[in-house]
There are 2 protein chains.
Amino acid sequence: MDGRLARGEETRRVTLQRAVELASVEGLEGITIGRLASELELSKSGIFALFGSKEDLQLAAVEHAEKIFRAHVVTPAATADPGLPRLVALLEHWLVYSKSRVFPGGCFFAAVAAEFDARRGRVHDAIRSGQQQWGRFLERLVTEAVEAGHLPADTDAAQLAFELFALARAANTDAVLSGSDVPYERATTAIGNRLRG
Amino acid sequence: MDGRLARGEETRRVTLQRAVELASVEGLEGITIGRLASELELSKSGIFALFGSKEDLQLAAVEHAEKIFRAHVVTPAATADPGLPRLVALLEHWLVYSKSRVFPGGCFFAAVAAEFDARRGRVHDAIRSGQQQWGRFLERLVTEAVEAGHLPADTDAAQLAFELFALARAANTDAVLSGSDVPYERATTAIGNRLRG
DNA sequence: GAACTATATGACCGATCGTTCGTACACTTG
DNA sequence: CAAGTGTACGAACGATCGGTCATATAGTTC
């Protein structure tokens with residue numbers, strides 16, 4: 001174990017990177033091992049052996065996407081002051097994450113959540129628990145803003161977190177579908193008003 | 001042309017009905033002609049001949065889903081008084097449409113919009129224009145509520161329509177993914193507050 | 001240098017995909 | 001009754017799917 005990556009680790013990384021890009025556009029079911037292999041100039045069986053099954057590849061892709069999401073949204077927001085500033089920073093980073101197409105198909109999780117919300121199995125479960133974790137995190141930042149006196153003391157944190165995230169997600173959906181950036185302005189306006197009033 | 005349905009019309013209808021149910025769970029790409037054929041006890045080639053291609057089947061499914069949507073959401077709302085009551089009725093019917101699982105996978109259009117938002121082609125275009133039409137309709141009802149004096153005169157109708165629909169869509173997504181009805185309560189609360197304040 | 005492990009390959013499997021084609025049956029029209 | 005049209009079928013197509021397996025190569029360990 002020296003500092004360099006084992007050969008397999010690197011192959012795994014580039015494969016997952018391509019997989020999450022593909023999945024944000026075509027869905028997790030749209031990923032095919034054969035397509036990944038030809039695009040990355042690897043063999044089907046080589047990629048297959050790295051993950052063990054297509055479902056395990058999908059699960060690994062979800063995990064990989066979560067790392068990317070945290071790096072672009074959660075981690076940067078941590079540098080803002082606790083309370084309302086941090087909450088606002090988180091939402092701003094989320095909108096930039098969507099608008100800048102960190103994933104070419106917009107928010108990865110909006111895409112795969114809609115794809116797997118009504119299915120069963122390990123992939124559904126992984127997506128659901130990831131979304132629940134995100135929801136709890138958002139709610140905690142709202143609570144901290146309330147406790148800091150930046151938001152009214154009688155604020156229902158879970159309710160407000162739902163409303164704020166609803167606006168951000170709608171901006172992502174509308175923007176990707178229509179090809180316009182106007183929805184991001186709408187979400188920014190609405191979020192600002194909601195936190196001010 | 002008497003009153004009865006031609007044989008082909010009826011086959012087409014039941015096929016599309018099953019197709020939209022399937023698509024709301026597995027996506028429009030999840031529809032396969034072979035699967036439809038075996039479930040409906042028809043031949044693959046018979047179904048194929050009815051639509052001409054898989055893409056045309058998907059387009060027909062979108063149209064069929066739009067009819068169902070209008071029957072459950074748009075038409076019933078028309079009986080409410082113009083202005084705010086009609087707008088509220090529309091949103092309530094939308095939430096019931098989602099919650100009662102008119103489509104087993106929740107809102108059909110939330111599912112297929114997320115699936116095709118970043119793709120190209122006729123299916124994407126059909127979904128996009130359908131969603132734009134819905135957005136304009138919602139905005140018009142907001143405008144009518146403003147003109148009736150039920151909402152503040154300085155209301156930005158497009159902005160408010162975006163916010164209201166964002167809340168409803170978020171309820172659908174969260175409810176289907178989590179299997180809980182709490183998101184519908186959240187959306188109802190938020191919509192009520194937004195229209196009151 | 002020998003032994004071992006991790007990594008990757010190509011050939012191949014049965015299943016299913018969308019699609020094509022020739023044909024048979026049912027109905028309407030003349 | 002004959003002809004024509006709409007509807008549906010079964011067989012088959014090439015392509016691709018996820019997955020298996022024996023094998024070759026590269027790196028590490030002793």
# chains A, B, ... in the order shown; residues from 1 in each chain; ligands from 1
call {"tool": "calpha_fit_rmsd", "arguments": {"fixed": "chain A", "moving": "chain B"}}
result
0.1 Å
call {"tool": "interface_residues", "arguments": {"of": "chain D", "to": "chain B", "cutoff": "12 Å", "atoms": "only C-alpha atoms (C1' of nucleotides)", "output": "PyMOL selection string"}}
result
chain D and resi 6-12
call {"tool": "interface_residues", "arguments": {"of": "chain B", "to": "chain C", "cutoff": "9 Å", "atoms": "only C-alpha atoms (C1' of nucleotides)", "output": "PyMOL selection string"}}
result
chain B and resi 32-34+45+48+53-54
call {"tool": "residues_around", "arguments": {"residues": "Val142 in chain B", "least_positions_apart": "3", "cutoff": "6 Å", "atoms": "only C-alpha atoms (C1' of nucleotides)", "output": "list in words"}}
result
Glu139, Ala145 and Ala157 of chain B
call {"tool": "write_last_selection", "arguments": {"atoms": "C-alpha atoms", "output": "compact mmCIF listing (two decimals), in the first residue's frame"}}
result
# COMPACT_ATOMS: atom_id res chain seq x y z
CA GLU B 139 -50.27 30.67 -14.64
CA ALA B 145 -57.33 34.97 -9.22
CA ALA B 157 -48.27 35.10 -11.79
call {"tool": "residues_around", "arguments": {"residues": "Glu63 in chain B", "least_positions_apart": "6", "cutoff": "12 Å", "atoms": "only C-alpha atoms (C1' of nucleotides)", "output": "ChimeraX atom specification"}}
result
/B:13,16-17,19-20,56-57,69-70,108-109,123,126-127,129-130
call {"tool": "write_last_selection", "arguments": {"atoms": "N, CA, C and O atoms", "output": "PDB file, in the first residue's frame"}}
result
ATOM      1  N   ARG B  13     -56.594   0.948 -27.032  1.00  0.00           N
ATOM      2  CA  ARG B  13     -56.915   1.566 -25.743  1.00  0.00           C
ATOM      3  C   ARG B  13     -56.361   0.763 -24.568  1.00  0.00           C
ATOM      4  O   ARG B  13     -55.722   1.317 -23.673  1.00  0.00           O
ATOM      5  N   LEU B  16     -52.578   0.946 -24.454  1.00  0.00           N
ATOM      6  CA  LEU B  16     -52.069   2.216 -23.942  1.00  0.00           C
ATOM      7  C   LEU B  16     -52.304   2.336 -22.439  1.00  0.00           C
ATOM      8  O   LEU B  16     -51.471   2.887 -21.715  1.00  0.00           O
ATOM      9  N   GLN B  17     -53.417   1.825 -21.978  1.00  0.00           N
ATOM     10  CA  GLN B  17     -53.697   1.885 -20.542  1.00  0.00           C
ATOM     11  C   GLN B  17     -52.626   1.147 -19.759  1.00  0.00           C
ATOM     12  O   GLN B  17     -52.070   1.654 -18.788  1.00  0.00           O
ATOM     13  N   ALA B  19     -49.700   0.434 -20.876  1.00  0.00           N
ATOM     14  CA  ALA B  19     -48.412   1.076 -21.147  1.00  0.00           C
ATOM     15  C   ALA B  19     -48.171   2.257 -20.201  1.00  0.00           C
ATOM     16  O   ALA B  19     -47.072   2.417 -19.679  1.00  0.00           O
ATOM     17  N   VAL B  20     -49.188   3.071 -19.966  1.00  0.00           N
ATOM     18  CA  VAL B  20     -48.968   4.233 -19.096  1.00  0.00           C
ATOM     19  C   VAL B  20     -48.798   3.798 -17.639  1.00  0.00           C
ATOM     20  O   VAL B  20     -48.031   4.406 -16.901  1.00  0.00           O
ATOM     21  N   ASP B  56     -43.250   5.633 -31.461  1.00  0.00           N
ATOM     22  CA  ASP B  56     -44.638   6.054 -31.662  1.00  0.00           C
ATOM     23  C   ASP B  56     -45.540   5.526 -30.555  1.00  0.00           C
ATOM     24  O   ASP B  56     -46.504   6.188 -30.169  1.00  0.00           O
ATOM     25  N   LEU B  57     -45.213   4.356 -30.041  1.00  0.00           N
ATOM     26  CA  LEU B  57     -45.951   3.843 -28.888  1.00  0.00           C
ATOM     27  C   LEU B  57     -45.738   4.762 -27.683  1.00  0.00           C
ATOM     28  O   LEU B  57     -46.699   5.093 -26.968  1.00  0.00           O
ATOM     29  N   PHE B  69     -54.875  12.567 -17.228  1.00  0.00           N
ATOM     30  CA  PHE B  69     -54.547  13.696 -16.344  1.00  0.00           C
ATOM     31  C   PHE B  69     -55.628  14.780 -16.406  1.00  0.00           C
ATOM     32  O   PHE B  69     -56.109  15.247 -15.370  1.00  0.00           O
ATOM     33  N   ARG B  70     -56.013  15.138 -17.617  1.00  0.00           N
ATOM     34  CA  ARG B  70     -57.040  16.178 -17.754  1.00  0.00           C
ATOM     35  C   ARG B  70     -58.344  15.751 -17.077  1.00  0.00           C
ATOM     36  O   ARG B  70     -59.001  16.549 -16.417  1.00  0.00           O
ATOM     37  N   PHE B 108     -47.468  10.552 -13.565  1.00  0.00           N
ATOM     38  CA  PHE B 108     -46.852  10.046 -14.787  1.00  0.00           C
ATOM     39  C   PHE B 108     -45.835  11.022 -15.342  1.00  0.00           C
ATOM     40  O   PHE B 108     -44.741  10.640 -15.762  1.00  0.00           O
ATOM     41  N   PHE B 109     -46.172  12.303 -15.334  1.00  0.00           N
ATOM     42  CA  PHE B 109     -45.335  13.295 -16.010  1.00  0.00           C
ATOM     43  C   PHE B 109     -44.090  13.627 -15.213  1.00  0.00           C
ATOM     44  O   PHE B 109     -43.048  13.948 -15.794  1.00  0.00           O
ATOM     45  N   VAL B 123     -39.996  12.273 -28.288  1.00  0.00           N
ATOM     46  CA  VAL B 123     -40.610  12.027 -26.981  1.00  0.00           C
ATOM     47  C   VAL B 123     -40.281  13.164 -26.022  1.00  0.00           C
ATOM     48  O   VAL B 123     -41.172  13.686 -25.325  1.00  0.00           O
ATOM     49  N   ALA B 126     -42.371  16.172 -26.977  1.00  0.00           N
ATOM     50  CA  ALA B 126     -43.781  16.038 -26.608  1.00  0.00           C
ATOM     51  C   ALA B 126     -43.972  16.289 -25.115  1.00  0.00           C
ATOM     52  O   ALA B 126     -44.917  16.980 -24.704  1.00  0.00           O
ATOM     53  N   ILE B 127     -43.081  15.745 -24.307  1.00  0.00           N
ATOM     54  CA  ILE B 127     -43.184  15.927 -22.862  1.00  0.00           C
ATOM     55  C   ILE B 127     -42.965  17.390 -22.499  1.00  0.00           C
ATOM     56  O   ILE B 127     -43.707  17.974 -21.704  1.00  0.00           O
ATOM     57  N   SER B 129     -43.421  20.099 -24.343  1.00  0.00           N
ATOM     58  CA  SER B 129     -44.507  21.005 -24.733  1.00  0.00           C
ATOM     59  C   SER B 129     -45.736  20.760 -23.873  1.00  0.00           C
ATOM     60  O   SER B 129     -46.481  21.693 -23.558  1.00  0.00           O
ATOM     61  N   GLY B 130     -45.948  19.517 -23.467  1.00  0.00           N
ATOM     62  CA  GLY B 130     -47.048  19.238 -22.551  1.00  0.00           C
ATOM     63  C   GLY B 130     -46.860  19.936 -21.222  1.00  0.00           C
ATOM     64  O   GLY B 130     -47.813  20.519 -20.668  1.00  0.00           O
TER      65      GLY B 130
END
call {"tool": "interface_residues", "arguments": {"of": "chain B", "to": "chain A", "cutoff": "9 Å", "atoms": "only C-alpha atoms", "output": "PyMOL selection string"}}
result
chain B and resi 24-27+29-30+104-106+110-119+124+127-129+131-132+158-160+162-163+165-171+173-179+183+186-187+189-190
call {"tool": "atom_distance", "arguments": {"atom1": "CA of Glu9 in chain B", "atom2": "CA of Phe51 in chain B"}}
result
11.4 Å
call {"tool": "atom_distance", "arguments": {"atom1": "CA of Glu39 in chain A", "atom2": "CA of Ile68 in chain A"}}
result
21.4 Å
call {"tool": "atom_distance", "arguments": {"atom1": "CA of Ser180 in chain B", "atom2": "CA of Ala161 in chain A"}}
result
16.7 Å
call {"tool": "closest_residue", "arguments": {"among": "B:Ala37, B:Ile31, B:Leu141, B:Leu59", "to": "Pro85 in chain B", "atoms": "only C-alpha atoms"}}
result
B:Leu141
call {"tool": "select_by_dssp", "arguments": {"residues": "range 96-147 of chain A", "states": "alpha helix (DSSP H)", "output": "ChimeraX atom specification"}}
result
/A:96-99,108-116,122-147
call {"tool": "residues_around", "arguments": {"residues": "range 88-98 of chain B", "least_positions_apart": "4", "cutoff": "6 Å", "atoms": "only C-alpha atoms (C1' of nucleotides)", "output": "short mmCIF file (atom, residue, chain, number, x, y, z; two decimals) with all heavy atoms, in the first residue's frame"}}
result
data_model
loop_
_atom_site.label_atom_id
_atom_site.label_comp_id
_atom_site.auth_asym_id
_atom_site.auth_seq_id
_atom_site.Cartn_x
_atom_site.Cartn_y
_atom_site.Cartn_z
N VAL B 73 -57.74 16.03 -13.20
CA VAL B 73 -57.25 17.27 -12.59
C VAL B 73 -57.89 18.51 -13.21
O VAL B 73 -58.48 19.32 -12.50
CB VAL B 73 -55.71 17.35 -12.70
CG1 VAL B 73 -55.20 18.64 -12.05
CG2 VAL B 73 -55.06 16.14 -12.04
N ALA B 77 -61.64 20.67 -11.90
CA ALA B 77 -61.41 21.99 -11.32
C ALA B 77 -62.27 23.05 -11.99
O ALA B 77 -62.53 24.11 -11.41
CB ALA B 77 -59.92 22.36 -11.44
N VAL B 102 -53.49 7.47 -9.37
CA VAL B 102 -54.15 7.29 -10.67
C VAL B 102 -53.19 6.52 -11.58
O VAL B 102 -53.60 5.65 -12.35
CB VAL B 102 -54.53 8.65 -11.26
CG1 VAL B 102 -54.99 8.49 -12.71
CG2 VAL B 102 -55.60 9.33 -10.42
N GLY B 106 -47.16 7.11 -9.16
CA GLY B 106 -47.31 8.54 -8.88
C GLY B 106 -47.51 9.30 -10.17
O GLY B 106 -47.86 8.72 -11.19
N CYS B 107 -47.29 10.60 -10.13
CA CYS B 107 -47.52 11.42 -11.32
C CYS B 107 -46.73 10.89 -12.52
O CYS B 107 -45.50 10.81 -12.49
CB CYS B 107 -47.15 12.87 -11.05
SG CYS B 107 -47.31 13.93 -12.53
#
